[in-house]
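What follows is upload02.txt (compact mmCIF, C-alpha atoms and all ligand atoms).
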```
# COMPACT_ATOMS: atom_id res chain seq x y z
CA MET A 3 0.00 0.00 0.00
CA ARG A 4 1.23 3.49 -0.85
CA ILE A 5 -0.21 6.84 0.24
CA ARG A 6 0.32 9.81 -2.04
CA SER A 7 -1.23 12.99 -3.36
CA PRO A 8 -3.93 12.44 -5.98
CA SER A 9 -3.61 13.23 -9.66
CA PRO A 10 -6.46 13.99 -12.09
CA LEU A 11 -5.72 10.53 -13.57
CA ASP A 12 -7.05 8.97 -10.33
CA ARG A 13 -10.50 10.55 -10.80
CA GLU A 14 -12.16 7.58 -12.51
CA ALA A 15 -11.01 5.03 -9.92
CA LEU A 16 -12.02 7.33 -7.05
CA VAL A 17 -15.49 8.02 -8.47
CA GLU A 18 -15.96 4.25 -8.81
CA ILE A 19 -14.97 3.75 -5.16
CA ILE A 20 -17.43 6.45 -4.06
CA ALA A 21 -20.24 5.08 -6.22
CA GLN A 22 -19.71 1.51 -4.98
CA GLY A 23 -18.74 2.50 -1.46
CA GLY A 24 -22.28 2.83 -0.12
CA PRO A 25 -24.87 2.44 0.92
CA PHE A 26 -24.49 6.19 0.30
CA ARG A 27 -27.53 8.22 -0.58
CA PRO A 28 -27.47 9.83 -4.04
CA GLU A 29 -26.92 13.26 -2.45
CA GLU A 30 -23.96 11.88 -0.47
CA VAL A 31 -22.41 10.48 -3.67
CA SER A 32 -22.84 13.88 -5.39
CA CYS A 33 -21.36 15.71 -2.41
CA ALA A 34 -18.36 13.34 -2.23
CA ILE A 35 -17.68 13.73 -5.96
CA GLU A 36 -17.99 17.51 -5.70
CA LEU A 37 -15.41 17.60 -2.89
CA LEU A 38 -13.14 15.26 -4.83
CA GLU A 39 -13.30 17.51 -7.91
CA ALA A 40 -12.45 20.50 -5.73
CA ALA A 41 -9.51 18.64 -4.16
CA LEU A 42 -8.21 17.61 -7.60
CA ALA A 43 -8.60 21.11 -9.01
CA ARG A 44 -6.68 22.88 -6.22
CA ALA A 45 -7.83 26.26 -7.52
CA GLU A 46 -6.83 29.42 -5.70
CA GLY A 47 -8.84 29.95 -2.52
CA ASN A 48 -9.96 26.32 -2.53
CA THR A 49 -9.17 24.65 0.79
CA TYR A 50 -10.04 21.06 -0.19
CA GLU A 51 -7.17 18.61 -0.27
CA SER A 52 -6.85 14.88 -0.63
CA LEU A 53 -4.58 11.88 -0.16
CA VAL A 54 -5.09 8.57 -1.92
CA VAL A 55 -4.03 5.08 -0.93
CA THR A 56 -3.03 2.82 -3.80
CA ASN A 57 -2.30 -0.85 -4.52
CA ASP A 58 1.37 -1.74 -4.72
CA ALA A 59 0.84 -3.70 -7.96
CA ASP A 60 -0.52 -0.96 -10.23
CA ASP A 61 -0.67 2.22 -8.09
CA ARG A 62 -4.46 2.30 -8.61
CA PRO A 63 -6.36 4.03 -5.79
CA CYS A 64 -8.26 1.80 -3.35
CA GLY A 65 -9.29 4.64 -1.05
CA TYR A 66 -8.96 8.32 -0.37
CA VAL A 67 -9.46 11.01 2.21
CA CYS A 68 -10.62 14.58 1.63
CA PHE A 69 -9.71 17.20 4.21
CA GLY A 70 -8.97 20.89 4.50
CA ALA A 71 -8.14 23.84 6.70
CA THR A 72 -11.25 25.01 8.54
CA PRO A 73 -11.94 28.64 7.62
CA MET A 74 -11.84 31.20 10.45
CA THR A 75 -9.87 28.93 12.79
CA GLU A 76 -6.27 28.90 13.88
CA ALA A 77 -4.84 25.60 12.60
CA ALA A 78 -8.00 23.49 12.86
CA PHE A 79 -8.73 21.11 10.00
CA ASP A 80 -11.77 19.14 8.88
CA VAL A 81 -11.71 15.61 7.55
CA TYR A 82 -14.67 15.75 5.21
CA TRP A 83 -14.74 12.28 3.76
CA ILE A 84 -12.80 9.03 3.91
CA VAL A 85 -13.69 6.02 1.81
CA VAL A 86 -11.96 2.68 1.32
CA ALA A 87 -12.95 0.34 -1.53
CA ALA A 88 -15.39 -2.27 -0.22
CA GLU A 89 -13.13 -5.21 -1.16
CA VAL A 90 -10.22 -4.04 1.00
CA ARG A 91 -12.07 -2.85 4.10
CA GLY A 92 -11.16 -4.27 7.50
CA GLN A 93 -7.48 -4.61 6.59
CA GLY A 94 -6.14 -1.43 8.15
CA VAL A 95 -6.29 0.68 4.97
CA GLY A 96 -8.64 3.33 6.41
CA ARG A 97 -6.57 3.63 9.56
CA ALA A 98 -3.35 3.99 7.55
CA LEU A 99 -4.96 6.75 5.50
CA LEU A 100 -6.21 8.59 8.59
CA ASP A 101 -2.81 8.23 10.31
CA ALA A 102 -1.09 9.60 7.18
CA THR A 103 -3.52 12.53 7.11
CA GLU A 104 -2.81 13.35 10.75
CA SER A 105 0.94 13.17 10.28
CA HIS A 106 0.70 15.34 7.13
CA LEU A 107 -1.35 17.89 9.10
CA ARG A 108 0.99 17.78 12.11
CA GLY A 109 3.79 18.65 9.69
CA ARG A 110 1.80 21.75 8.78
CA GLY A 111 1.26 22.79 12.38
CA ALA A 112 -2.32 21.58 12.70
CA ARG A 113 -3.69 21.79 16.21
CA LEU A 114 -7.02 20.02 15.94
CA VAL A 115 -8.89 17.75 13.54
CA ARG A 116 -12.66 17.68 13.40
CA VAL A 117 -14.82 15.05 11.72
CA GLU A 118 -18.57 15.06 11.49
CA THR A 119 -20.34 11.83 10.79
CA SER A 120 -23.75 10.27 10.96
CA SER A 121 -24.53 7.89 13.81
CA LEU A 122 -25.98 5.50 11.24
CA GLU A 123 -23.17 5.70 8.62
CA GLY A 124 -22.18 2.11 7.91
CA GLN A 125 -24.57 0.93 10.65
CA GLY A 126 -22.47 2.89 13.14
CA GLY A 127 -19.21 1.54 11.71
CA ALA A 128 -17.89 4.98 10.75
CA ALA A 129 -18.28 6.22 14.34
CA ARG A 130 -16.51 3.12 15.68
CA PHE A 131 -13.72 3.67 13.17
CA TYR A 132 -13.08 7.17 14.63
CA ASP A 133 -13.40 5.86 18.20
CA ARG A 134 -10.70 3.28 17.44
CA ALA A 135 -8.48 5.98 15.92
CA GLY A 136 -8.47 7.92 19.19
CA TYR A 137 -11.04 10.57 18.30
CA ARG A 138 -13.18 12.03 21.06
CA ARG A 139 -16.94 12.37 20.73
CA SER A 140 -17.17 16.13 21.26
CA GLY A 141 -20.83 16.63 20.55
CA THR A 142 -24.01 15.17 19.16
CA ILE A 143 -26.96 16.78 17.49
CA GLU A 144 -29.82 14.34 17.80
CA ASP A 145 -31.98 13.67 14.75
CA PHE A 146 -29.83 16.02 12.66
CA TYR A 147 -29.80 14.15 9.36
CA ARG A 148 -33.26 12.69 9.85
CA PRO A 149 -35.23 11.28 12.77
CA GLY A 150 -33.05 8.67 14.48
CA ASP A 151 -29.89 9.70 12.62
CA ASP A 152 -27.66 11.92 14.74
CA LEU A 153 -24.71 14.08 13.76
CA ILE A 154 -21.67 13.17 15.86
CA THR A 155 -18.72 15.56 15.98
CA PHE A 156 -15.40 13.87 16.63
CA THR A 157 -12.21 15.75 17.44
CA LYS A 158 -8.58 14.86 17.94
CA LYS A 159 -5.90 17.19 19.26
CA LEU A 160 -2.73 16.96 17.23
CA ALA A 161 -0.71 19.44 19.26
C1 LIG B 201 -14.98 3.68 7.59
C2 LIG B 201 -13.92 3.09 6.65
C3 LIG B 201 -13.14 4.23 5.99
C4 LIG B 201 -12.95 2.23 7.49
O1 LIG B 201 -11.90 1.77 6.65
P1 LIG B 201 -11.25 0.31 6.87
O2 LIG B 201 -10.06 0.20 6.01
O3 LIG B 201 -12.30 -0.73 6.73
O4 LIG B 201 -10.87 0.40 8.43
P2 LIG B 201 -9.61 -0.30 9.15
O5 LIG B 201 -9.52 -1.72 8.68
O6 LIG B 201 -8.42 0.55 8.99
O7 LIG B 201 -10.12 -0.29 10.67
C5 LIG B 201 -9.50 0.49 11.69
C6 LIG B 201 -10.23 0.23 13.00
O8 LIG B 201 -11.60 0.68 12.90
C7 LIG B 201 -12.49 -0.42 13.13
N1 LIG B 201 -13.58 -0.36 12.15
C8 LIG B 201 -13.49 -0.03 10.85
N2 LIG B 201 -14.70 -0.17 10.25
C9 LIG B 201 -15.54 -0.60 11.22
C10 LIG B 201 -16.90 -0.96 11.23
N3 LIG B 201 -17.66 -0.87 10.13
N4 LIG B 201 -17.45 -1.36 12.39
C11 LIG B 201 -16.70 -1.46 13.53
N5 LIG B 201 -15.38 -1.14 13.58
C12 LIG B 201 -14.83 -0.74 12.43
C13 LIG B 201 -11.67 -1.66 12.85
O9 LIG B 201 -12.20 -2.77 13.56
C14 LIG B 201 -10.30 -1.26 13.33
O10 LIG B 201 -10.26 -1.37 14.75
P3 LIG B 201 -8.94 -1.83 15.55
O11 LIG B 201 -8.14 -0.56 15.72
O12 LIG B 201 -9.49 -2.35 16.82
O13 LIG B 201 -8.25 -2.86 14.72
C15 LIG B 201 -14.56 2.16 5.57
O14 LIG B 201 -15.34 1.19 6.21
C16 LIG B 201 -15.41 2.89 4.55
O15 LIG B 201 -14.92 3.33 3.53
N6 LIG B 201 -16.73 2.97 4.84
C17 LIG B 201 -17.66 3.64 3.94
C18 LIG B 201 -17.47 5.13 3.96
C19 LIG B 201 -17.61 5.75 5.35
O16 LIG B 201 -18.49 5.39 6.13
N7 LIG B 201 -16.69 6.67 5.64
C20 LIG B 201 -16.65 7.36 6.94
C21 LIG B 201 -17.55 8.52 6.99
S1 LIG B 201 -17.03 9.83 5.95
```
Could I get this structure in the form of structure tokens?
Ligand SMILES: CC(C)(COP(=O)(O)OP(=O)(O)OC[C@H]1O[C@@H](n2cnc3c(N)ncnc32)[C@H](O)[C@@H]1OP(=O)(O)O)[C@@H](O)C(=O)NCCC(=O)NCCS
Amino acid sequence: MRIRSPSPLDREALVEIIAQGGPFRPEEVSCAIELLEAALARAEGNTYESLVVTNDADDRPCGYVCFGATPMTEAAFDVYWIVVAAEVRGQGVGRALLDATESHLRGRGARLVRVETSSLEGQGGAARFYDRAGYRRSGTIEDFYRPGDDLITFTKKLA
């Protein structure tokens, strides 16, 4: 496994991972693709960034993370989206990607990482993934996404 910056050539593989990565709602797929496009474009004033994890054999992406500096904060960052291809989940790929993101951000002086996720994402699997990675549950908004589906804010101090 290799973790590197994305190139526009990775777009097709990443869109496939998002589209098959569900069960995402159609609006979640559109939002993820929109953020990915922004991260690949890296236009001026655009804060979205990404790292991809690739197979050793052909350097094809099998997951990615999208993150960015949180506007109006001093060195806080958001992790907006992390997806690992369904066929390689549960093998430490997501954790490696999140660890690489944190170490990349530490290198840039990041103080805090925030992640917002749904309590029902992956039947609660996404929340457990952040628990296992040492994130703290800093807040919950009950019924935020829809009745019975809470927004959980996770944070991790990097400095
Ligand atoms: C969440 C996701 C990125 C995890 O990636 P992964 O490669 O499967 O996770 P890892 O194998 O690195 O797991 C790391 C730890 O999290 C735990 N974990 C990961 N997915 C989990 C799940 N669905 N349920 C419970 N625990 C889970 C693992 O058991 C492991 O724990 P450990 O430290 O005790 O060994 C992946 O399942 C995914 O892409 N899901 C769909 C998209 C999504 O929900 N993204 C997050 C919200 S943006």
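For the choices A:Ala77, A:Ile143, A:Ala129, A:Ala161, the atom-to-atom distance to ligand LIG 201 (chain B) is smallest for A:Ala129 when using only C-alpha atoms and all ligand atoms.
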Residues near Thr119 in chain A, cut-off 10 Å, only C-alpha atoms, skip fewer than 5 positions along chain, as a list in words:
Val81, Tyr82, Trp83, Gly126, Ala128, Ala129, Tyr132, Thr142, Tyr147, Asp151, Asp152, Leu153, Ile154, Thr155 and Phe156 of chain A
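Between atom P1 of ligand LIG 201 (chain B) and CA of Arg44 in chain A there is a distance of 26.5 Å.
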Long-range neighbours of Leu107 in chain A as a PyMOL selection string, 10 Å cut-off, all atoms listed in the file, 2 positions minimum in chain
chain A and resi 69-71+77-79+101-105+109-115+160
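Around ligand LIG 201 (chain B), using all atoms listed in the file and a cut-off of 6 Å, the residues in contact are A:Gly23, A:Trp83, A:Ile84, A:Val85, A:Val86, A:Arg91, A:Gly92, A:Gln93, A:Gly94, A:Val95, A:Gly96, A:Arg97, A:Thr119, A:Glu123, A:Gly124, A:Gly127, A:Ala128, A:Arg130, A:Phe131, A:Arg134.
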Just to be explicit: take each residue in the selection above, keep C-alpha atoms, and write the result as an mmCIF file, in the coordinates of the input.
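Saved result, out.cif, follows:
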```cif
data_model
loop_
_atom_site.group_PDB
_atom_site.id
_atom_site.type_symbol
_atom_site.label_atom_id
_atom_site.label_comp_id
_atom_site.auth_asym_id
_atom_site.auth_seq_id
_atom_site.Cartn_x
_atom_site.Cartn_y
_atom_site.Cartn_z
ATOM 1 C CA GLY A 23 -18.740 2.500 -1.460
ATOM 2 C CA TRP A 83 -14.740 12.280 3.760
ATOM 3 C CA ILE A 84 -12.800 9.030 3.910
ATOM 4 C CA VAL A 85 -13.690 6.020 1.810
ATOM 5 C CA VAL A 86 -11.960 2.680 1.320
ATOM 6 C CA ARG A 91 -12.070 -2.850 4.100
ATOM 7 C CA GLY A 92 -11.160 -4.270 7.500
ATOM 8 C CA GLN A 93 -7.480 -4.610 6.590
ATOM 9 C CA GLY A 94 -6.140 -1.430 8.150
ATOM 10 C CA VAL A 95 -6.290 0.680 4.970
ATOM 11 C CA GLY A 96 -8.640 3.330 6.410
ATOM 12 C CA ARG A 97 -6.570 3.630 9.560
ATOM 13 C CA THR A 119 -20.340 11.830 10.790
ATOM 14 C CA GLU A 123 -23.170 5.700 8.620
ATOM 15 C CA GLY A 124 -22.180 2.110 7.910
ATOM 16 C CA GLY A 127 -19.210 1.540 11.710
ATOM 17 C CA ALA A 128 -17.890 4.980 10.750
ATOM 18 C CA ARG A 130 -16.510 3.120 15.680
ATOM 19 C CA PHE A 131 -13.720 3.670 13.170
ATOM 20 C CA ARG A 134 -10.700 3.280 17.440
#
```
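Shell of range 27-41 of chain A at 8 Å, with all atoms listed in the file counted and residues fewer than 3 places along the chain excluded, is Val17, Ile20, Ala21, Gly24, Arg44, Ala45, Asn48, Thr49, Tyr50, Glu51, Ser52, Cys68 and Trp83 of chain A.
With only C-alpha atoms as the atoms that count, the minimum distance from Arg116 in chain A to the choices A:Glu14, A:Glu89, A:Asp61, A:Asp80 is reached by A:Asp80.
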Can you tell me how far CA of Thr72 in chain A sits from CA of Pro25 in chain A, in Å to one decimal?
27.4 Å
3 Å per side around range 101-117 of chain A: axis-aligned box centre and edge lengths, as JSON:
```
{"center_x": -5.5, "center_y": 15.5, "center_z": 11.7, "size_x": 24.6, "size_y": 20.6, "size_z": 15.1}
```
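Between Arg148 in chain A and the candidates A:Val55, A:Met74, A:Leu122, A:Val117, the tightest atom-to-atom separation, counting all atoms listed in the file, involves A:Leu122.
One distance worth recording is that between CA of Tyr137 in chain A and CA of Lys158 in chain A, which is 5.0 Å.
Among the candidate residues A:Leu100, A:Ile19, A:Ala43, A:Met3, the one lying nearest to Asp58 in chain A is A:Met3, with distances computed using only C-alpha atoms.
Residue nearest Thr56 in chain A, chosen from A:Pro73, A:Pro8, A:Gly141, A:Pro149 and counting only C-alpha atoms: A:Pro8.
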With the input short on atoms, add N, CA and C atoms back to range 48-67 of chain A and write it as a JSON list (two decimals), in the coordinates of the input.
```
[["chain", "number", "residue", "atom", "x", "y", "z"],
["A", 48, "ASN", "N", -9.30, 27.58, -2.81],
["A", 48, "ASN", "CA", -9.96, 26.32, -2.53],
["A", 48, "ASN", "C", -9.19, 25.60, -1.42],
["A", 49, "THR", "N", -9.89, 25.25, -0.34],
["A", 49, "THR", "CA", -9.17, 24.65, 0.79],
["A", 49, "THR", "C", -9.23, 23.12, 0.79],
["A", 50, "TYR", "N", -9.89, 22.53, -0.18],
["A", 50, "TYR", "CA", -10.04, 21.06, -0.19],
["A", 50, "TYR", "C", -8.77, 20.38, -0.68],
["A", 51, "GLU", "N", -8.37, 19.37, 0.08],
["A", 51, "GLU", "CA", -7.17, 18.61, -0.27],
["A", 51, "GLU", "C", -7.48, 17.13, -0.14],
["A", 52, "SER", "N", -6.59, 16.32, -0.68],
["A", 52, "SER", "CA", -6.85, 14.88, -0.63],
["A", 52, "SER", "C", -5.56, 14.08, -0.58],
["A", 53, "LEU", "N", -5.65, 12.87, -0.05],
["A", 53, "LEU", "CA", -4.58, 11.88, -0.16],
["A", 53, "LEU", "C", -5.25, 10.60, -0.65],
["A", 54, "VAL", "N", -4.54, 9.84, -1.47],
["A", 54, "VAL", "CA", -5.09, 8.57, -1.92],
["A", 54, "VAL", "C", -4.18, 7.44, -1.44],
["A", 55, "VAL", "N", -4.80, 6.28, -1.25],
["A", 55, "VAL", "CA", -4.03, 5.08, -0.93],
["A", 55, "VAL", "C", -4.15, 4.17, -2.15],
["A", 56, "THR", "N", -3.03, 3.59, -2.56],
["A", 56, "THR", "CA", -3.03, 2.82, -3.80],
["A", 56, "THR", "C", -2.48, 1.41, -3.58],
["A", 57, "ASN", "N", -2.83, 0.53, -4.52],
["A", 57, "ASN", "CA", -2.30, -0.85, -4.52],
["A", 57, "ASN", "C", -0.84, -0.81, -4.94],
["A", 58, "ASP", "N", -0.04, -1.68, -4.34],
["A", 58, "ASP", "CA", 1.37, -1.74, -4.72],
["A", 58, "ASP", "C", 1.52, -2.15, -6.19],
["A", 59, "ALA", "N", 0.66, -3.10, -6.63],
["A", 59, "ALA", "CA", 0.84, -3.70, -7.96],
["A", 59, "ALA", "C", 0.74, -2.68, -9.09],
["A", 60, "ASP", "N", -0.31, -1.83, -9.07],
["A", 60, "ASP", "CA", -0.52, -0.96, -10.23],
["A", 60, "ASP", "C", -0.72, 0.51, -9.85],
["A", 61, "ASP", "N", -0.52, 0.85, -8.57],
["A", 61, "ASP", "CA", -0.67, 2.22, -8.09],
["A", 61, "ASP", "C", -2.08, 2.77, -8.30],
["A", 62, "ARG", "N", -3.07, 1.87, -8.45],
["A", 62, "ARG", "CA", -4.46, 2.30, -8.61],
["A", 62, "ARG", "C", -5.07, 2.58, -7.23],
["A", 63, "PRO", "N", -5.78, 3.71, -7.09],
["A", 63, "PRO", "CA", -6.36, 4.03, -5.79],
["A", 63, "PRO", "C", -7.34, 2.98, -5.28],
["A", 64, "CYS", "N", -7.25, 2.67, -3.98],
["A", 64, "CYS", "CA", -8.26, 1.80, -3.35],
["A", 64, "CYS", "C", -8.89, 2.55, -2.17],
["A", 65, "GLY", "N", -8.66, 3.84, -2.08],
["A", 65, "GLY", "CA", -9.29, 4.64, -1.05],
["A", 65, "GLY", "C", -8.74, 6.05, -1.09],
["A", 66, "TYR", "N", -9.46, 6.94, -0.43],
["A", 66, "TYR", "CA", -8.96, 8.32, -0.37],
["A", 66, "TYR", "C", -9.58, 9.05, 0.80],
["A", 67, "VAL", "N", -8.94, 10.15, 1.15],
["A", 67, "VAL", "CA", -9.46, 11.01, 2.21],
["A", 67, "VAL", "C", -9.47, 12.43, 1.68]]
```
